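Undergrad: Shown below is the structure under consideration.
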Amino acid sequence: MAQNILVTGAAGFIGFHLCQRLLARGDRVFGIDNLNDYYEVSLKQARLDQLSVQTGFSFQKIDLADRSALAGLFESQRFDVVINLAAQAGVRYSLTNPHAYVDANLVGFMNVLEGCRHQQVGHLVYASSSSVYGANTRMPFSVHDNVDHPVSLYAASKKANELMAHTYAHLYRLPCTGLRFFTVYGPWGRPDMALFLFTKAILAGEPIDVFNNGQMQRDFTYIDDIIEGVVRVADRPASTNPSWSGAAPDPGTSSAPYRIYNIGNSSPVPLMTLIETLERALGKKAIKNFLPIQPGDVPATWADVTDLIEDVSFKPATSIEDGVGKFVAWYRCYYE
């Protein structure tokens, strides 16, 4: 049955693709976004232009931190599901603009939780991040591992979202599902991400910055796989774990209607392999500027998606070659 779904961050990379998918299956989608200038607003507007011509899509420019505006939205609309993708993204940006993360990721998320509570929304799905694993080194990263050692304010804000969601799930029985995304890439991607930056620089004949002297691994996950995971999870409201015990608490589940899932390709790719794959797709070699690892970065990520497979029967599987090829094709078309 068609649902009324609120998507926050609708003009963002993941939000845009999610709205398209939901509209294609017949849902009514209400999108909000503050259209901030963290990266080129023209790209966000171009995404919105694609959505605005589709039947069933409505949009309003709202900042999550604007408590009265968000409360007004929840009073005027009824939502079956809320999918919160709006956030201040980026690990490195959090080193220089920490207050942006408090406003968007903490205050903004608080306002979303309150709206969902008062309207008794059936399911809140929200974006967390692989960054929450922080100083953890046991691979692959599991949702059942403790994640109390973030190494960036961005990661700390996402961990805080998980804690806040659990509180609302416990107090108000609001079903809450957190999704830890692993390095998302693909067409219409974010210009601050490595693949986008590398592509732009290589085509311009400019050097690319290769951090940790290239000794990095990332669980690159193609956007279509992320969206498939989000939609499947959204259709399955979080439930309680009847075997959960406070004597040996499981971080990924709860006695409340609360769940955490990793969505990643579960196949970490060395940074140098990504660069070589991109060079082949572009038909041009990169000029590499090797640098030390940056504060807040982690050397490797790798998602354990066992719970995702068991609960919603899905495992991301797009190869880096296919994904990078599709991104490059879009980039050449969009930027001519």
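Just remember, in the structure tokens the first chain shown is A, the second B, etc., residues are 1-based per chain, and ligands are 1-based in the order shown.
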If you run DSSP on the backbone, which residues of segment 64-117 of chain A are helix (DSSP H, G or I), as a ChimeraX atom specification?
TA: /A:67-76,93-96,98-117
Undergrad: Write out as a PyMOL selection string each polymer residue whose atoms come within 10 Å of Phe314 of chain A, counting only C-alpha atoms; drop sequence neighbours fewer than 2 positions from it.
TA: chain A and resi 225+228-229+232-233+263+305-312+316-317
Undergrad: Restrict the calculation to only C-alpha atoms, then for each residue of segment 157-265 of chain A with any atom at most 12 Å from an atom of segment 70-83 of chain A give the closest atom pair and their distance in Å to one decimal, rows by chain and rising residue number, as JSON lines.
TA:
```
{"residue": "A:Leu174", "atom": "CA", "partner": "A:Val81", "partner_atom": "CA", "distance": 11.1}
{"residue": "A:Pro175", "atom": "CA", "partner": "A:Val81", "partner_atom": "CA", "distance": 10.0}
{"residue": "A:Cys176", "atom": "CA", "partner": "A:Val82", "partner_atom": "CA", "distance": 9.7}
{"residue": "A:Thr177", "atom": "CA", "partner": "A:Ile83", "partner_atom": "CA", "distance": 9.5}
{"residue": "A:Gly178", "atom": "CA", "partner": "A:Ile83", "partner_atom": "CA", "distance": 9.9}
{"residue": "A:Leu179", "atom": "CA", "partner": "A:Ile83", "partner_atom": "CA", "distance": 10.4}
{"residue": "A:Ile227", "atom": "CA", "partner": "A:Ile83", "partner_atom": "CA", "distance": 11.6}
{"residue": "A:Val230", "atom": "CA", "partner": "A:Ile83", "partner_atom": "CA", "distance": 8.8}
{"residue": "A:Val231", "atom": "CA", "partner": "A:Ile83", "partner_atom": "CA", "distance": 9.7}
{"residue": "A:Val233", "atom": "CA", "partner": "A:Ile83", "partner_atom": "CA", "distance": 10.5}
{"residue": "A:Ala234", "atom": "CA", "partner": "A:Val81", "partner_atom": "CA", "distance": 7.4}
{"residue": "A:Asp235", "atom": "CA", "partner": "A:Val81", "partner_atom": "CA", "distance": 8.7}
{"residue": "A:Arg236", "atom": "CA", "partner": "A:Val81", "partner_atom": "CA", "distance": 10.5}
{"residue": "A:Pro237", "atom": "CA", "partner": "A:Val81", "partner_atom": "CA", "distance": 9.0}
{"residue": "A:Ala238", "atom": "CA", "partner": "A:Val81", "partner_atom": "CA", "distance": 11.7}
```
Undergrad: Excluding same-chain residues fewer than 5 positions from Val41 of chain A, what lies within 10 Å of it counting only C-alpha atoms, as a PDB file with C-alpha atoms, in the first residue's frame?
TA:
```pdb
ATOM      1  CA  ALA A  11      18.095  17.378  -1.868  1.00  0.00           C
ATOM      2  CA  GLY A  12      21.109  15.445  -0.651  1.00  0.00           C
ATOM      3  CA  LEU A  35      19.802  23.694   1.007  1.00  0.00           C
ATOM      4  CA  ASN A  36      22.881  24.884   2.901  1.00  0.00           C
ATOM      5  CA  ALA A  46      19.400  20.086  -9.853  1.00  0.00           C
ATOM      6  CA  ARG A  47      18.437  17.022  -7.822  1.00  0.00           C
TER       7      ARG A  47
END
```
Undergrad: Skipping near chain neighbours, those fewer than 5 positions away, what residues fall within 12 Å of Gln294 of chain A using only C-alpha atoms, listed as a PyMOL selection string?
TA: chain A and resi 91-93+95+151-152+209-213+216+299
Undergrad: Rank A:Ala100, A:Ala165, A:Leu51, A:Leu18 by their smallest atom-to-atom distance to Ile260 of chain A, using only C-alpha atoms, and report the top residue only.
TA: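 Of A:Ala100, A:Ala165, A:Leu51, A:Leu18, the one nearest Ile260 of chain A, counting only C-alpha atoms, is A:Ala165.
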Undergrad: Between atom CA of Glu276 of chain A and atom CA of Tyr222 of chain A, what is the distance in Å, rounded to a tenth?
TA: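 Atom-to-atom, atom CA of Glu276 of chain A and atom CA of Tyr222 of chain A are spaced 17.5 Å apart.
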Undergrad: Within 8 Å of segment 181-197 of chain A, counting only C-alpha atoms, which residues show up once you throw out same-chain ones fewer than 4 positions away? Write them as a PyMOL selection string, please.
TA: chain A and resi 12-13+39-40+43+47+90+127-130+201+208+218-223+226+262-265+301-303+323-324+326-328+330-331
Undergrad: So that I can see what lies close to Ile202 of chain A, please list as a ChimeraX atom specification the residues with an atom at most 9 Å from it, counting only C-alpha atoms and leaving out residues fewer than 5 positions away in the same chain.
TA: /A:197,207-208,279,282,284-287
Undergrad: Those selected residues, please, written with all heavy atoms and delivered as a PDB file, in the first residue's frame.
TA:
```
ATOM      1  N   LEU A 197      36.213  14.225  -5.819  1.00  0.00           N
ATOM      2  CA  LEU A 197      37.400  15.084  -5.819  1.00  0.00           C
ATOM      3  C   LEU A 197      38.477  14.555  -6.763  1.00  0.00           C
ATOM      4  O   LEU A 197      39.102  15.312  -7.508  1.00  0.00           O
ATOM      5  CB  LEU A 197      37.966  15.200  -4.398  1.00  0.00           C
ATOM      6  CG  LEU A 197      37.102  15.941  -3.373  1.00  0.00           C
ATOM      7  CD1 LEU A 197      37.663  15.728  -1.970  1.00  0.00           C
ATOM      8  CD2 LEU A 197      37.030  17.425  -3.700  1.00  0.00           C
ATOM      9  N   PRO A 207      46.918  17.475  -9.244  1.00  0.00           N
ATOM     10  CA  PRO A 207      47.254  16.366  -8.342  1.00  0.00           C
ATOM     11  C   PRO A 207      46.094  16.032  -7.392  1.00  0.00           C
ATOM     12  O   PRO A 207      45.283  16.897  -7.062  1.00  0.00           O
ATOM     13  CB  PRO A 207      48.471  16.878  -7.575  1.00  0.00           C
ATOM     14  CG  PRO A 207      48.403  18.365  -7.671  1.00  0.00           C
ATOM     15  CD  PRO A 207      47.755  18.668  -8.985  1.00  0.00           C
ATOM     16  N   ILE A 208      46.031  14.775  -6.970  1.00  0.00           N
ATOM     17  CA  ILE A 208      45.051  14.353  -5.972  1.00  0.00           C
ATOM     18  C   ILE A 208      45.785  14.102  -4.655  1.00  0.00           C
ATOM     19  O   ILE A 208      46.928  13.657  -4.641  1.00  0.00           O
ATOM     20  CB  ILE A 208      44.287  13.080  -6.410  1.00  0.00           C
ATOM     21  CG1 ILE A 208      45.238  11.890  -6.579  1.00  0.00           C
ATOM     22  CG2 ILE A 208      43.517  13.345  -7.699  1.00  0.00           C
ATOM     23  CD1 ILE A 208      44.538  10.566  -6.829  1.00  0.00           C
ATOM     24  N   GLU A 279      41.287   5.612 -12.788  1.00  0.00           N
ATOM     25  CA  GLU A 279      42.179   5.947 -13.908  1.00  0.00           C
ATOM     26  C   GLU A 279      41.758   5.205 -15.179  1.00  0.00           C
ATOM     27  O   GLU A 279      41.729   5.783 -16.277  1.00  0.00           O
ATOM     28  CB  GLU A 279      43.626   5.610 -13.553  1.00  0.00           C
ATOM     29  CG  GLU A 279      44.246   6.543 -12.517  1.00  0.00           C
ATOM     30  CD  GLU A 279      45.636   6.076 -12.073  1.00  0.00           C
ATOM     31  OE1 GLU A 279      45.884   4.836 -12.055  1.00  0.00           O
ATOM     32  OE2 GLU A 279      46.462   6.933 -11.722  1.00  0.00           O
ATOM     33  N   LEU A 282      38.521   6.710 -16.577  1.00  0.00           N
ATOM     34  CA  LEU A 282      38.724   8.035 -17.171  1.00  0.00           C
ATOM     35  C   LEU A 282      39.683   8.008 -18.363  1.00  0.00           C
ATOM     36  O   LEU A 282      39.710   8.943 -19.165  1.00  0.00           O
ATOM     37  CB  LEU A 282      39.285   9.005 -16.114  1.00  0.00           C
ATOM     38  CG  LEU A 282      38.338   9.398 -14.978  1.00  0.00           C
ATOM     39  CD1 LEU A 282      39.087  10.179 -13.909  1.00  0.00           C
ATOM     40  CD2 LEU A 282      37.167  10.214 -15.506  1.00  0.00           C
ATOM     41  N   LYS A 284      42.912   8.155 -18.006  1.00  0.00           N
ATOM     42  CA  LYS A 284      43.916   9.168 -17.691  1.00  0.00           C
ATOM     43  C   LYS A 284      44.535   8.871 -16.334  1.00  0.00           C
ATOM     44  O   LYS A 284      43.835   8.484 -15.397  1.00  0.00           O
ATOM     45  CB  LYS A 284      43.255  10.555 -17.669  1.00  0.00           C
ATOM     46  CG  LYS A 284      44.232  11.721 -17.591  1.00  0.00           C
ATOM     47  CD  LYS A 284      43.488  13.050 -17.756  1.00  0.00           C
ATOM     48  CE  LYS A 284      44.465  14.215 -17.752  1.00  0.00           C
ATOM     49  NZ  LYS A 284      43.775  15.510 -17.911  1.00  0.00           N
ATOM     50  N   LYS A 285      45.845   9.045 -16.230  1.00  0.00           N
ATOM     51  CA  LYS A 285      46.559   8.763 -14.988  1.00  0.00           C
ATOM     52  C   LYS A 285      46.443   9.928 -14.002  1.00  0.00           C
ATOM     53  O   LYS A 285      46.334  11.094 -14.399  1.00  0.00           O
ATOM     54  CB  LYS A 285      48.040   8.502 -15.270  1.00  0.00           C
ATOM     55  CG  LYS A 285      48.317   7.154 -15.907  1.00  0.00           C
ATOM     56  CD  LYS A 285      48.129   6.035 -14.895  1.00  0.00           C
ATOM     57  CE  LYS A 285      48.548   4.682 -15.455  1.00  0.00           C
ATOM     58  NZ  LYS A 285      48.362   3.601 -14.451  1.00  0.00           N
ATOM     59  N   ALA A 286      46.477   9.586 -12.730  1.00  0.00           N
ATOM     60  CA  ALA A 286      46.418  10.601 -11.678  1.00  0.00           C
ATOM     61  C   ALA A 286      47.810  11.042 -11.267  1.00  0.00           C
ATOM     62  O   ALA A 286      48.759  10.247 -11.278  1.00  0.00           O
ATOM     63  CB  ALA A 286      45.691  10.039 -10.461  1.00  0.00           C
ATOM     64  N   ILE A 287      47.933  12.312 -10.922  1.00  0.00           N
ATOM     65  CA  ILE A 287      49.150  12.830 -10.294  1.00  0.00           C
ATOM     66  C   ILE A 287      48.910  12.754  -8.792  1.00  0.00           C
ATOM     67  O   ILE A 287      48.003  13.406  -8.272  1.00  0.00           O
ATOM     68  CB  ILE A 287      49.418  14.291 -10.718  1.00  0.00           C
ATOM     69  CG1 ILE A 287      49.469  14.406 -12.240  1.00  0.00           C
ATOM     70  CG2 ILE A 287      50.702  14.813 -10.075  1.00  0.00           C
ATOM     71  CD1 ILE A 287      49.400  15.842 -12.747  1.00  0.00           C
TER      72      ILE A 287
END
```
Undergrad: Provide the atom CA of Leu85 of chain A to atom CA of His99 of chain A distance in Å, to one decimal place.
TA: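 Going from atom CA of Leu85 of chain A over to atom CA of His99 of chain A covers 18.6 Å.
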Undergrad: Which neighbours of segment 253-256 of chain A fall inside 12 Å, counting only C-alpha atoms, when residues of the same chain fewer than 3 positions from it are skipped, and could you give them as an MDAnalysis selection string?
TA: chainID A and resid 142:146 162:163 165:178 237:246 248:250 259:261 307
Undergrad: Please extract the residues of segment 206-278 of chain A with a backbone DSSP assignment of strand (DSSP E) and present them as a list in words.
TA: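 Secondary structure check on segment 206-278 of chain A, strand (DSSP E): Pro207, Ile208, Asp209, Val210, Gln217, Arg218, Thr221, Tyr222, Tyr258, Arg259, Ile260, Tyr261, Asn262, Ile263, Val269 and Pro270 of chain A.
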